[in-house]
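Chemist: The structure's right below; bear with me while I get my questions together.
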Amino acid sequence: MTLPAENQTQVSLAQSSPTVGTFRERDGALEWSGRQETVRIEPWGPDAVRVRARLGGPVLEGLPGALLDDAPPTAYTIKTDGGEGRLTVGALTVVVDAEGLVRFTRTDDGEELLAEERAHFWWPGSRLYTAVGNGHHRLEQRFAAYDDEKLYGLGQHQHGRLDQKGLVIDLVQRNAEVGIPVLTSSRGYTLLWNNPAIGRVELAHNGTRWVADSARQIDYWITAGDPAGAQRRYSAVTGRTPMLPEWAAGFWQCKLRYRTQDELLAVAREYRRRGLPIDAIVCDFFHWTHLGEWKFDPEEWPDPAAMVRELDELGIKLVVSVWPSVSPLSENHPVMEQRGYFIGTQYGPMAHADWPDKEVASTVQVAFYDATNPEAREFVWSRVKKNYLEPYGITAFWLDACEPELKPGFPENLRYWAGPGLEVGNLYPAENSRTFYEGLRASGEDEVITLNRSAWAGSQRYGAALWSGDIGTDFATLRRQIAAGLNTALSGIPWWNTDIGGFHGGDPDDPAYREVMIRWFQFGALSPLMRLHGFRDPGMPLGPEMTGGPNEVWSYGEEAYAILTSYLRLRDRLKPYVLRTMREAHEEGLPVMRPLFLEFPGDRAAWSVDDAYLFGRDLLVAPVLTAGATQRTVHLPAGARWTDAWTGRTYEGGAAVTVDAPLERIPLFLRDGAALPIAE
């Protein structure tokens with residue numbers, strides 16, 4: 001419906017070009033149009049809407065994004081009168097004034113959740129389009145800031161902050177820095193910036209600003225409600241994770257790197273000889289003939305069939321590292337180049353990084369396959385299927401360097417099948433995991449999990465687990481992983497883990513590092529996935545001959561061995577609970593690793609706890625994060641009774657308690673009498 005001119009609300013002449021737009025209801029959406037801009041707001045699931053805005057014509061359909069193609073059906077109402085448009089979807093009401101400013105409120109009491117805000121009374125407004133050519137713009141979307149607001153999510157970062165208010169976060173993919181543009185607010189909303197463009201979000205005290213360096217339109221999704229309800233709705237519109245395979249809920253052993261088949265099997269046999277739980281072992285990079293051939297080097301891995309057979313008999317799953325980069329020495333490089341299966345470049349050759357390869361003394365210039373191209377995905381999967389799945393039954397893959405790992409990191413020089421690098425660059429890791437998800441499903445495999453170094457919104461629907469990348473090996477780094485994991489959880493990725501002990505270094509003979517390893521291992525046993533990895537001292541230069549120091553549980557001395565193995569057994573006893581919690585992630589979209597406020601939003605103190613978390617519904621975990629500590633203070637949320645899992649002492653929630661935390665103990669608390677097999 002279009003408002004007659006005589007009914008249009010007048011605006012202040014303080015603006016340089018006051019605009020009174022028109023409203024209409026079109027195809028179940030509310031649209032505002034003014035000065036060549038169209039804003040479209042449509043119901044997109046219960047208590048949620050999708051907002052798109054474009055300069056120069058109607059909004060575009062079919063652009064890359066995280067939302068599933070079809071929105072969940074939901075009841076709504078649209079009204080356009082009195083110089084404003086109003087759309088109500090359950091608990092969320094959207095109000096658009098005559099000038100096109102958008103405001104989100106609670107339906108029941110009209111309280112403001114979030115509102116657009118002009119950059120200046122004169123110019124620009126809340127939405128800014130700066131032309132960069134060919135219909136693309138540098139986009140800015142501005143919202144008001146609120147003094148009492150706390151903000152969470154945005155993927156995985158190493159800044160150590162749980163509440164990200166006051167930060168500037170780059171929306172880009174880098175090793176250990178994973179941009180997932182979904183934000184949960186303490187004010188009662190969750191917002192997805194549904195745009196894979198390179199950019200940033202500024203969470204300043206004088207305003208929030210989302211920026212896309214080059215894109216064709218603004219696109220975001222917002223829902224009202226508490227964090228748990230928002231996670232359910234967010235996962236419904238971006239896709240829920242599959243059910244975790246049972247083996248993946250146990251212990252994964254790896255290091256950088258097992259060089260040969262004999263070395264890997266010797267480690268697997270030793271775990272079984274010692275009677276230790278182990279569910280998976282990883283064959284890491286450089287096991288291949290050439291980078292981008294995706295097959296075992298027969299000199300180092302002479303009989304993969306026998307290796308997989310023996311591992312199966314031992315009850316151990318083999319996980320194989322697959323990189324998206326292709327060396328010019330690879331047999332696949334010529335055909336992939338001819339068919340256009342590589343990421344293109346705007347300037348220069350199709351070479352995206354330098355990397356060592358076998359049979360050469362120096363590095364070579366490698367290219368990355370274009371995971372946004374369906375034909376390229378099919379080709380890569382055909383090679384993986386031929387060389388791993390069909391001959392050996394290998395179905396679990398480690399997808400490393402999938403940001404992709406560019407050297408140098410200039411996304412503006414890239415040209416993807418899905419669009420220019422600046423417009424779609426953040427999409428890559430999700431599309432790379434899609435290669436394996438769709439390939440395994442088409443091959444008849446029901447269980448799918450890949451371990452990824454990067455992710456984007458919606459990666460979870462492809463069975464993508466995320467790890468926190470190549471990080472340090474000290475207590476300060478361990479401390480930062482708690483916030484990283486919790487913000488990842490609030491970004492829709494329930495399968496997450498760290499390299500237990502960190503990645504870069506760590507001397508197994510150093511008593512100080514052994515303490516780090518013990519405390520990290522305890523945290524790892526109570527993480528969504530439990531995986532021991534790292535490049536231990538003494539290291540070697542990067543190349544096909546490299547291997548790191550020992551990194552098995554018996555590598556850290558007798559005292560550490562006794563403690564580490566006790567947590568291996570704890571994880572093994574908790575596997576039924578882990579799998580129950582994973583089913584909640586699969587069926588409801590709730591994360592496994594939960595900030596305290598997810599379960600206890602009414603406890604104000606819980607919104608500031610960044611050094612403890614809930615592992616599922618019933619277990620509160622308080623890792624020890626300081627060298628030499630033998631006690632730990634932790635806030636127990638109000639609204640429940642908490643039992644110390646080690647001593648049996650019970651506490652009323654709503655206060656901080658200090659408990660003993662000797663080296664062999666991570667503080668654990670059971671909620672409301674829950675019975676879990678903590679004690680051995």
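Chains: A, B, ... in order of the structure tokens. Residues: from 1 per chain. Ligands: from 1, in order shown.
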May I have the residues within 12 Å of Leu399 of chain A as a ChimeraX atom specification, using only C-alpha atoms and disregarding those fewer than 4 positions away in the same chain?

Modeler: /A:282-285,294,319-325,403-405,428-437,449-455,463-467,469

Chemist: Would you save the residues of that selection, restricted to N, CA and C atoms, as a compact mmCIF listing (two decimals), in the first residue's frame?

Modeler:
# COMPACT_ATOMS: atom_id res chain seq x y z
N VAL A 282 45.16 -38.96 13.92
CA VAL A 282 45.19 -38.10 12.74
C VAL A 282 46.46 -38.31 11.93
N CYS A 283 46.26 -38.47 10.63
CA CYS A 283 47.36 -38.46 9.66
C CYS A 283 47.42 -37.04 9.09
N ASP A 284 48.45 -36.29 9.49
CA ASP A 284 48.51 -34.86 9.20
C ASP A 284 49.13 -34.60 7.83
N PHE A 285 49.44 -33.33 7.57
CA PHE A 285 49.87 -32.89 6.24
C PHE A 285 51.21 -33.51 5.83
N TRP A 294 45.99 -35.32 -3.10
CA TRP A 294 45.03 -35.95 -2.20
C TRP A 294 45.13 -37.47 -2.22
N VAL A 319 41.67 -40.17 10.82
CA VAL A 319 41.29 -38.87 10.28
C VAL A 319 42.45 -38.39 9.40
N VAL A 320 42.16 -37.97 8.18
CA VAL A 320 43.20 -37.61 7.21
C VAL A 320 43.12 -36.13 6.87
N SER A 321 44.26 -35.48 6.83
CA SER A 321 44.35 -34.06 6.51
C SER A 321 44.22 -33.84 5.01
N VAL A 322 43.30 -32.94 4.63
CA VAL A 322 43.11 -32.57 3.23
C VAL A 322 43.17 -31.06 3.13
N TRP A 323 44.09 -30.56 2.33
CA TRP A 323 44.24 -29.12 2.13
C TRP A 323 43.56 -28.70 0.83
N PRO A 324 43.08 -27.46 0.75
CA PRO A 324 42.43 -26.98 -0.47
C PRO A 324 43.39 -26.41 -1.50
N SER A 325 44.69 -26.46 -1.20
CA SER A 325 45.69 -25.86 -2.09
C SER A 325 46.29 -26.92 -3.02
N GLU A 403 40.97 -21.01 5.22
CA GLU A 403 40.47 -19.62 5.32
C GLU A 403 40.06 -19.03 3.95
N PRO A 404 40.72 -19.18 2.84
CA PRO A 404 41.95 -19.94 2.60
C PRO A 404 43.19 -19.16 3.06
N GLU A 405 44.29 -19.91 3.26
CA GLU A 405 45.52 -19.33 3.81
C GLU A 405 46.32 -18.63 2.71
N TYR A 428 34.23 -18.86 1.96
CA TYR A 428 35.05 -19.99 1.52
C TYR A 428 35.06 -21.18 2.48
N PRO A 429 35.34 -21.01 3.77
CA PRO A 429 35.45 -22.20 4.62
C PRO A 429 34.16 -22.99 4.71
N ALA A 430 33.01 -22.31 4.68
CA ALA A 430 31.74 -23.04 4.71
C ALA A 430 31.55 -23.85 3.44
N GLU A 431 31.89 -23.27 2.30
CA GLU A 431 31.76 -23.99 1.04
C GLU A 431 32.75 -25.14 0.94
N ASN A 432 33.92 -24.99 1.53
CA ASN A 432 34.90 -26.08 1.54
C ASN A 432 34.37 -27.26 2.35
N SER A 433 33.76 -26.99 3.51
CA SER A 433 33.18 -28.09 4.28
C SER A 433 31.99 -28.70 3.54
N ARG A 434 31.30 -27.90 2.77
CA ARG A 434 30.18 -28.40 1.96
C ARG A 434 30.65 -29.45 0.95
N THR A 435 31.84 -29.27 0.40
CA THR A 435 32.40 -30.25 -0.53
C THR A 435 32.35 -31.65 0.06
N PHE A 436 32.77 -31.77 1.31
CA PHE A 436 32.90 -33.07 1.94
C PHE A 436 31.55 -33.56 2.46
N TYR A 437 30.73 -32.64 2.95
CA TYR A 437 29.40 -33.02 3.43
C TYR A 437 28.57 -33.61 2.29
N ILE A 449 31.60 -35.63 9.74
CA ILE A 449 32.27 -34.61 10.54
C ILE A 449 33.57 -34.26 9.85
N THR A 450 33.85 -32.97 9.75
CA THR A 450 35.16 -32.50 9.30
C THR A 450 35.70 -31.54 10.35
N LEU A 451 37.02 -31.53 10.50
CA LEU A 451 37.68 -30.63 11.43
C LEU A 451 38.26 -29.47 10.64
N ASN A 452 37.81 -28.25 10.93
CA ASN A 452 38.11 -27.08 10.10
C ASN A 452 38.87 -26.02 10.89
N ARG A 453 39.78 -25.33 10.22
CA ARG A 453 40.49 -24.24 10.86
C ARG A 453 39.76 -22.92 10.72
N SER A 454 38.74 -22.87 9.88
CA SER A 454 37.95 -21.67 9.75
C SER A 454 36.51 -22.05 9.45
N ALA A 455 35.61 -21.09 9.59
CA ALA A 455 34.19 -21.34 9.39
C ALA A 455 33.49 -20.03 9.11
N GLY A 463 28.29 -30.23 8.97
CA GLY A 463 29.05 -31.12 9.84
C GLY A 463 30.45 -30.62 10.13
N ALA A 464 30.62 -29.31 10.16
CA ALA A 464 31.94 -28.70 10.35
C ALA A 464 32.22 -28.48 11.83
N ALA A 465 33.28 -29.09 12.32
CA ALA A 465 33.83 -28.75 13.63
C ALA A 465 34.93 -27.72 13.43
N LEU A 466 35.09 -26.84 14.40
CA LEU A 466 36.08 -25.78 14.32
C LEU A 466 37.10 -25.96 15.43
N TRP A 467 38.39 -25.74 15.09
CA TRP A 467 39.36 -25.65 16.18
C TRP A 467 40.01 -24.27 16.15
N GLY A 469 42.86 -22.98 15.89
CA GLY A 469 43.98 -22.58 15.06
C GLY A 469 45.33 -22.74 15.73

Chemist: Select from segment 288-433 of chain A everything DSSP, run on the backbone, classes as helix (DSSP H, G or I), then give the selection as a ChimeraX atom specification.

Modeler: /A:304-314,333-339,374-392,411-413,421-433

Chemist: Neighbours of Gln156 of chain A within 7 Å (only C-alpha atoms; same-chain residues fewer than 3 positions away dropped), as a PyMOL selection string?

Modeler: chain A and resi 177-179+484-485+487-488

Chemist: Next, dump the selected residues to file, keeping only C-alpha atoms, as a tab-separated table (two decimals), in the first residue's frame.

Modeler:
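The result, written out as again12.tsv:
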chain	number	residue	atom	x	y	z
A	177	GLU	CA	40.66	-15.56	13.78
A	178	VAL	CA	37.31	-16.77	12.46
A	179	GLY	CA	34.73	-14.21	11.35
A	484	ALA	CA	36.96	-17.94	22.14
A	485	GLY	CA	35.01	-21.14	22.65
A	487	ASN	CA	31.72	-16.85	21.49
A	488	THR	CA	32.04	-19.62	18.90

Chemist: Pick the closest to Leu490 of chain A from A:Arg35, A:His159, A:Arg415, A:Arg232: which is it, counting only C-alpha atoms?

Modeler: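 The answer is A:Arg232, which sits nearest to Leu490 of chain A.
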
Chemist: Let's see if you can do this: from backbone DSSP, list all strand (DSSP E) residues in segment 49-218 of chain A, as a VMD selection string.

Modeler: chain A and resid 49 to 55 77 to 81 84 to 89 92 to 97 102 to 106 112 to 115 127 to 133 136 to 143 151 to 156 168 to 171 178 to 185 189 to 193 199 to 204 207 to 215 218

Chemist: So that I can check the surroundings of Glu664 of chain A, please list as number ranges by chain every protein, DNA and RNA residue that reaches within 10 Å of it, counting only C-alpha atoms and ignoring chain neighbours fewer than 4 positions away.

Modeler: A: 518-519, 522, 559-560, 562-564, 566-567, 630

Chemist: Could you tell me how far atom CA of Arg259 of chain A sits from atom CA of Asp537 of chain A, in Å to one decimal place?

Modeler: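 The value is 15.9 Å.
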
Chemist: Near Val237 of chain A, counting only C-alpha atoms, which residues have an atom at most 7 Å away, once you skip same-chain residues fewer than 2 positions from it, shown as an MDAnalysis selection string?

Modeler: chainID A and resid 67:68 71 233:235 239

Chemist: Can you pull out every residue within 7 Å of segment 92-100 of chain A, counting only C-alpha atoms, but drop anything in the same chain fewer than 6 positions away, and send it as an mmCIF file with C-alpha atoms, in the first residue's frame?

Modeler:
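Full text of part-v9.cif as output:
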data_model
loop_
_atom_site.group_PDB
_atom_site.id
_atom_site.type_symbol
_atom_site.label_atom_id
_atom_site.label_comp_id
_atom_site.auth_asym_id
_atom_site.auth_seq_id
_atom_site.Cartn_x
_atom_site.Cartn_y
_atom_site.Cartn_z
ATOM 1 C CA THR A 9 4.672 12.792 7.686
ATOM 2 C CA THR A 19 13.013 12.298 2.397
ATOM 3 C CA VAL A 20 9.465 11.140 2.961
ATOM 4 C CA GLY A 21 9.281 7.652 1.575
ATOM 5 C CA TRP A 32 9.770 1.346 2.264
ATOM 6 C CA ASP A 47 9.981 -13.793 16.400
ATOM 7 C CA ALA A 48 12.359 -12.889 13.551
ATOM 8 C CA GLY A 83 3.221 7.944 8.406
ATOM 9 C CA GLU A 84 4.863 4.720 9.534
ATOM 10 C CA GLY A 85 5.014 1.034 8.691
ATOM 11 C CA ARG A 86 4.767 -1.660 11.315
ATOM 12 C CA ARG A 106 9.421 -6.015 21.990
ATOM 13 C CA THR A 107 5.844 -6.642 20.994
ATOM 14 C CA THR A 223 15.269 -12.179 16.326
ATOM 15 C CA ALA A 224 13.950 -11.191 19.759
#

Chemist: Please identify every residue of segment 107-185 of chain A that has at least one atom no farther than 8 Å from an atom of segment 192-216 of chain A, counting only C-alpha atoms, and for each give the shortest atom pair and the distance in Å to one decimal, arranged by chain then increasing number, as a Markdown table.

Modeler:
| residue | atom | partner | partner_atom | distance |
| --- | --- | --- | --- | --- |
| A:Glu117 | CA | A:Gly207 | CA | 7.9 |
| A:Val132 | CA | A:Ser214 | CA | 7.0 |
| A:Gly135 | CA | A:Arg216 | CA | 6.4 |
| A:His136 | CA | A:Arg216 | CA | 4.8 |
| A:His137 | CA | A:Ser214 | CA | 5.1 |
| A:Arg138 | CA | A:Asp213 | CA | 4.7 |
| A:Leu139 | CA | A:Ala212 | CA | 5.1 |
| A:Glu140 | CA | A:Val211 | CA | 4.7 |
| A:Gln141 | CA | A:Trp210 | CA | 5.1 |
| A:Arg142 | CA | A:Arg209 | CA | 4.5 |
| A:Phe143 | CA | A:Thr208 | CA | 5.1 |
| A:Ala144 | CA | A:Gly207 | CA | 4.8 |
| A:Ala145 | CA | A:Gly207 | CA | 4.3 |
| A:Tyr146 | CA | A:His205 | CA | 7.2 |
| A:Asp147 | CA | A:His205 | CA | 7.0 |
| A:Gln164 | CA | A:Leu203 | CA | 7.3 |
| A:Lys165 | CA | A:Leu203 | CA | 5.4 |
| A:Gly166 | CA | A:Ala204 | CA | 4.7 |
| A:Leu167 | CA | A:Leu203 | CA | 5.4 |
| A:Val168 | CA | A:Glu202 | CA | 4.5 |
| A:Ile169 | CA | A:Val201 | CA | 5.4 |
| A:Asp170 | CA | A:Arg200 | CA | 4.2 |
| A:Leu171 | CA | A:Arg200 | CA | 4.6 |
| A:Val172 | CA | A:Ile198 | CA | 5.5 |
| A:Pro181 | CA | A:Trp193 | CA | 5.4 |
| A:Val182 | CA | A:Leu192 | CA | 4.2 |
| A:Leu183 | CA | A:Leu192 | CA | 6.4 |

Chemist: What's the separation between atom CA of Ala248 of chain A and atom CA of Gly557 of chain A, in Å to one decimal place?

Modeler: 27.2 Å

Chemist: Could you give me, as an MDAnalysis selection string, the residues within 10 Å of Asp357 of chain A, counting only C-alpha atoms and dropping anything in the same chain fewer than 2 positions from it?

Modeler: chainID A and resid 286 288:291 327:330 354:355 359:366 543:544

Chemist: So the first atom is atom CA of Leu87 of chain A and the second is atom CA of Val49 of chain A; what is the distance between them in Å, to one decimal place?

Modeler: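 Distance between the two atoms: 9.0 Å.
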
Chemist: Of the candidates A:Ala371, A:Leu579, A:Leu619, A:Ala236, which shows the shortest atom-to-atom distance to Pro595 of chain A, using only C-alpha atoms?

Modeler: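 Smallest distance to Pro595 of chain A is found for A:Leu619.
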
Chemist: Would you mind telling me which residue in A:Pro511, A:Gly616, A:Gly654, A:Gly539 lies nearest to Glu558 of chain A when using only C-alpha atoms?

Modeler: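 Closest to Glu558 of chain A of all the choices is A:Pro511.
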
Chemist: Considering only C-alpha atoms, can you say which of A:Gly524, A:Gly549, A:Pro601, A:Gly344 comes closest to Ala367 of chain A?

Modeler: A:Gly344
